[in-house]
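Student: Below you will find the structure I want to go over with you.
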Amino acid sequence: MAKKAPSIDTKNLTAVQLMELDSCTRCGECVKWCPTYAASGQNPGLAPRDKILRWREFMNKSYGIKAKLFGPTEIPQSELEEFKDDVHSCTTCGICATVCESGINTVELWEALRANLVKKGIGPYGKQNAFPKVIGQYHNPYMKDQKDRLNWVPADVKIEDKADIVYFTGCTAGYNQLALAFATSRVLNKLGIKFAMLGEEEWCCGSALIRTGQAHINDVPRQLAKHNVEALKKKGAKKVLYACAGCFRASKVDWPRLLGEELPFEVIHVAEFLAGLIKEDKVKWVKPINKTVTYHDPCHLGRHVGVFDAPRYVLSHIPGVKFVEMENSKEFQRCCGAGGGVKAGLPDLALGVAESRVKDAVEINADILSSCCPFCKRNLSDGRDSLKVDIVVEDVIEMVAEALGLETS
Amino acid sequence: MVYFSGLSDALRMTFVQIMILSAIAIVIFLYGMIGNLQKWGTGVTGYALEPKEGQKGSAIRFLKTWWAQVTAESHHSGKPILEILILDILFQRRILKRSGLRWFMHICIFAGWMSLFALSGLMFSVEMTEMIGIKLPFTAAVFREWLAIPNYIFGYILLIGVIIAVIRRLFVSEVRQASIMYDWILLAGVFIITISGFIADGIRTGFIWSFGLDPSAAPPAALFHSIISLLFCIAYIPYSKYIHVIATPLAILANKGGE
């Protein structure tokens, strides 16, 4: 008689990740900190610990010692479907990795589990399954024409045809949140930084596909990365600037992995770039911003890559700014709720998390809740509107533009 | 041939008894560990890969993948291996950052357990050395007396850790609610091992933990302590939550100390 096949497989799951499942001591720190678990009304299935223990059980049923001796135990499809829902109800913010006493790299684990299930035909979640087709076809997630990539560029902004520095705008800033693109380009012009842009040769960074476990579908993210890197090389890029934390993370971490080689240019967030210019005394402020300002660390910029200080350095050097920290900040920051495909797949959950974060800022009487990511800005603005509180949500680069006397519209 | 464990010939357990028990415990442990390594080795060797059709789990694949990750460059928290070994694994600073009490409890259990394990191993090797006729500057009996105080110290350290663990599970509501029967069985196991060690030694020496028991009860008490120690603390590791004793340091090393 043929041996029964295990209900799960190990596609995308590395040997180390499988070992990490057994390193969990069930201490519960991740449960205390998980923003989606809290925003869901403490749905036990959303707790990171619960997900680790469930997959550990699945592994033991499929490949453990008992399974080796007596054959694998079947896992009902309904349990796998339920697991899929829970693993996609995660913003991949990474706070569970920060507080994990066993040092488990949970973000990589969630993404690998998502990809594993998607490959099995289980998932992703809701509207997320449109990403590969839309991004593959349009090269941006908003189904906009690539020819319109630079439609936003105002007449006063000067863009070089080729330059050492290239500004990678990102789909969200280039099509929807134009204030971010206006601010970044005008600030660079004002500071005398010559920069180029990719225009219609700029394709989506692929972050949404990778985060939702769909990187393998039609090989889209690798093609996006390859195209972007080639286009950036043609522009003569030595430094590529990003004002979007999602694009920055994808370029810095995901592109080299997808392409199997280091990038031939430096990847740098505009906040880091500006902090460097301020240190060199190259920024001459013209207008104070007499406000109490706090800063929300985007997960993709902070915990994922470790950029915590540069945005704070920039904000604290803007004249008039009284900088205050929220209780949960830097590596212990509370996520805005938009990441990991949650905004697209589970908008109510995303809103619940955003409301918690806005409350953090309101508690310390901040006038401005700043960040360095258009997704964070969008979701925090939604949270603010939902709570009907009087607080401005603004990107750091927009504040810099204002303090340099520049328009952001 | 006898195994040195008492004050007189009458109080000695046989060497064969201990060797058979040790061998059984080690075989069970190794079987379980190979099973775990093979289970982990069903995973792939790198980012976004897929296992080959019909590929079986391989301990070697796991070890190679783990080592490749340990030695790979990090884009974020690349701490030196020595720092990770000392601060994250031995000193357990990741627990300390989260909770002082839990760290104290865990470090007591960790230090007590590991030290007693090492001291037992040391004693065993001295006895073996003496048995095969190699002359040492001291006898096994003398060496045992030297180890008496460290054994007591680390035994009490372990006991303190276990008592804190029991109290937390009984009286801290969030810990109590998160506890399952499995946790209690494991905790009870460590507790019984610790207490039985004190009692076996107390009966032999007639000190604090003897509870007025006749010294003739020392060999069975010591045998009981040895059996559950070997089976529970060695043989049971790969099949239980105790696997974290092995998996957690490996995970911390692979992830460069964690985020």
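In the structure tokens, chains take letters A, B, ... by order of appearance, with residues numbered from 1 within each chain and ligands from 1 in the order shown.
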Identify all residues of stretch 10-180 of chain B in helix (DSSP H, G or I) (DSSP on the backbone) and supply them as a PyMOL selection string.
Tutor: chain B and resi 10-11+15-40+59-71+81-90+93-98+100-131+140-171+173-178
Student: Please find the residues of chain B near chain A - the criterion being any atom within 6 Å, counting only C-alpha atoms - and write them as a ChimeraX atom specification.
Tutor: /B:35,39-41,43-46,48-50,62,66,76,94-95,244,247-248,251-252,258-259
Student: Keeping N, CA and C atoms for every residue in the selection just given, could you write it to a file as a short mmCIF file (atom, residue, chain, number, x, y, z; two decimals), in the first residue's frame?
Tutor:
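Written out: part-v2.cif:
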data_model
loop_
_atom_site.label_atom_id
_atom_site.label_comp_id
_atom_site.auth_asym_id
_atom_site.auth_seq_id
_atom_site.Cartn_x
_atom_site.Cartn_y
_atom_site.Cartn_z
N GLY B 35 15.87 12.31 14.57
CA GLY B 35 14.52 12.53 14.03
C GLY B 35 14.23 14.01 13.86
N LYS B 39 13.74 16.12 10.51
CA LYS B 39 12.51 16.91 10.31
C LYS B 39 12.89 18.32 9.87
N TRP B 40 13.84 18.93 10.58
CA TRP B 40 14.28 20.27 10.20
C TRP B 40 14.89 20.24 8.79
N GLY B 41 15.57 19.14 8.52
CA GLY B 41 16.24 19.00 7.22
C GLY B 41 15.31 18.71 6.05
N GLY B 43 13.38 20.99 5.30
CA GLY B 43 13.29 22.36 4.78
C GLY B 43 14.29 22.59 3.66
N VAL B 44 14.12 23.75 3.01
CA VAL B 44 14.99 24.07 1.89
C VAL B 44 16.25 24.79 2.37
N THR B 45 17.20 24.95 1.49
CA THR B 45 18.50 25.49 1.90
C THR B 45 18.62 27.00 1.76
N GLY B 46 17.64 27.64 1.13
CA GLY B 46 17.75 29.08 0.97
C GLY B 46 16.43 29.72 0.61
N ALA B 48 13.18 31.21 -0.75
CA ALA B 48 12.19 30.95 -1.81
C ALA B 48 12.44 29.68 -2.62
N LEU B 49 13.21 28.74 -2.08
CA LEU B 49 13.47 27.50 -2.82
C LEU B 49 12.40 26.45 -2.54
N GLU B 50 12.45 25.40 -3.33
CA GLU B 50 11.51 24.29 -3.13
C GLU B 50 12.30 22.99 -3.01
N PHE B 62 20.24 20.14 7.13
CA PHE B 62 19.92 21.12 8.16
C PHE B 62 21.21 21.79 8.66
N TRP B 66 22.05 25.72 8.37
CA TRP B 66 22.23 26.49 9.60
C TRP B 66 23.58 27.21 9.59
N HIS B 76 21.12 43.83 8.86
CA HIS B 76 20.57 44.57 10.00
C HIS B 76 21.44 44.36 11.24
N ARG B 94 18.27 38.49 26.01
CA ARG B 94 16.96 38.74 25.37
C ARG B 94 15.82 38.55 26.38
N ILE B 95 16.01 37.61 27.31
CA ILE B 95 14.98 37.42 28.34
C ILE B 95 15.06 38.57 29.34
N HIS B 244 13.87 23.10 23.22
CA HIS B 244 14.32 24.50 23.10
C HIS B 244 15.72 24.67 23.67
N ALA B 247 17.35 23.97 20.39
CA ALA B 247 16.90 24.78 19.24
C ALA B 247 17.06 26.28 19.47
N THR B 248 16.82 26.76 20.68
CA THR B 248 16.89 28.21 20.91
C THR B 248 18.29 28.78 20.69
N ALA B 251 18.84 28.90 17.04
CA ALA B 251 18.07 29.96 16.37
C ALA B 251 18.70 31.32 16.61
N ILE B 252 19.12 31.55 17.83
CA ILE B 252 19.74 32.85 18.15
C ILE B 252 21.03 33.04 17.36
N GLY B 258 19.25 37.78 16.94
CA GLY B 258 17.86 38.23 16.81
C GLY B 258 17.81 39.71 16.46
N GLU B 259 16.60 40.14 16.14
CA GLU B 259 16.43 41.55 15.74
C GLU B 259 16.55 42.46 16.94
#
Student: Rank A:Lys330, A:Lys343, A:His139, A:Arg186 by their smallest atom-to-atom distance to A:Thr91, using only C-alpha atoms, and report the top residue only.
Tutor: A:Lys343
Student: Using the chain letters and numbers from this document, which residues of stretch 75-321 of chain A does DSSP assign to strand (DSSP E or B), as a PDB file with C-alpha atoms, in the first residue's frame?
Tutor:
ATOM      1  CA  GLU A 160      18.653  65.542 -14.832  1.00  0.00           C
ATOM      2  CA  ILE A 165      21.778  60.262  -7.585  1.00  0.00           C
ATOM      3  CA  VAL A 166      18.480  58.824  -8.750  1.00  0.00           C
ATOM      4  CA  TYR A 167      15.199  59.406  -6.914  1.00  0.00           C
ATOM      5  CA  PHE A 168      13.047  56.241  -7.004  1.00  0.00           C
ATOM      6  CA  PHE A 195      19.197  63.948  -9.479  1.00  0.00           C
ATOM      7  CA  ALA A 196      17.598  61.853 -12.190  1.00  0.00           C
ATOM      8  CA  LYS A 239      23.045  56.384  -4.911  1.00  0.00           C
ATOM      9  CA  VAL A 240      19.329  55.665  -5.174  1.00  0.00           C
ATOM     10  CA  LEU A 241      17.079  57.722  -2.920  1.00  0.00           C
ATOM     11  CA  TYR A 242      13.749  56.498  -1.586  1.00  0.00           C
ATOM     12  CA  GLU A 266      23.867  52.438  -2.700  1.00  0.00           C
ATOM     13  CA  VAL A 267      20.282  52.270  -1.489  1.00  0.00           C
ATOM     14  CA  ILE A 268      19.480  55.130   0.852  1.00  0.00           C
ATOM     15  CA  HIS A 269      16.343  56.583   2.399  1.00  0.00           C
ATOM     16  CA  THR A 292       4.970  69.593  18.879  1.00  0.00           C
ATOM     17  CA  VAL A 293       5.999  66.756  16.601  1.00  0.00           C
ATOM     18  CA  THR A 294       6.266  63.028  17.158  1.00  0.00           C
ATOM     19  CA  TYR A 295       7.616  60.390  14.822  1.00  0.00           C
TER      20      TYR A 295
END
Student: Quick one: distance from atom CA of B:Gln69 to atom CA of B:Ala118 in Å, one decimal?
Tutor: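 Answer for the atom CA of B:Gln69 to atom CA of B:Ala118 separation: 29.4 Å.
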Student: Between atom CA of B:Gly133 and atom CA of B:Val27, what is the distance, to one decimal in Å?
Tutor: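 Atom CA of B:Val27 lies 27.5 Å from atom CA of B:Gly133.
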Student: Fewer than 2 positions away in the same chain doesn't count, so skip those; otherwise give me all residues within 8 Å of stretch 232-234 of chain A, counting only C-alpha atoms, as a VMD selection string.
Tutor: chain A and resid 166 198 228 to 230 236 to 237 264
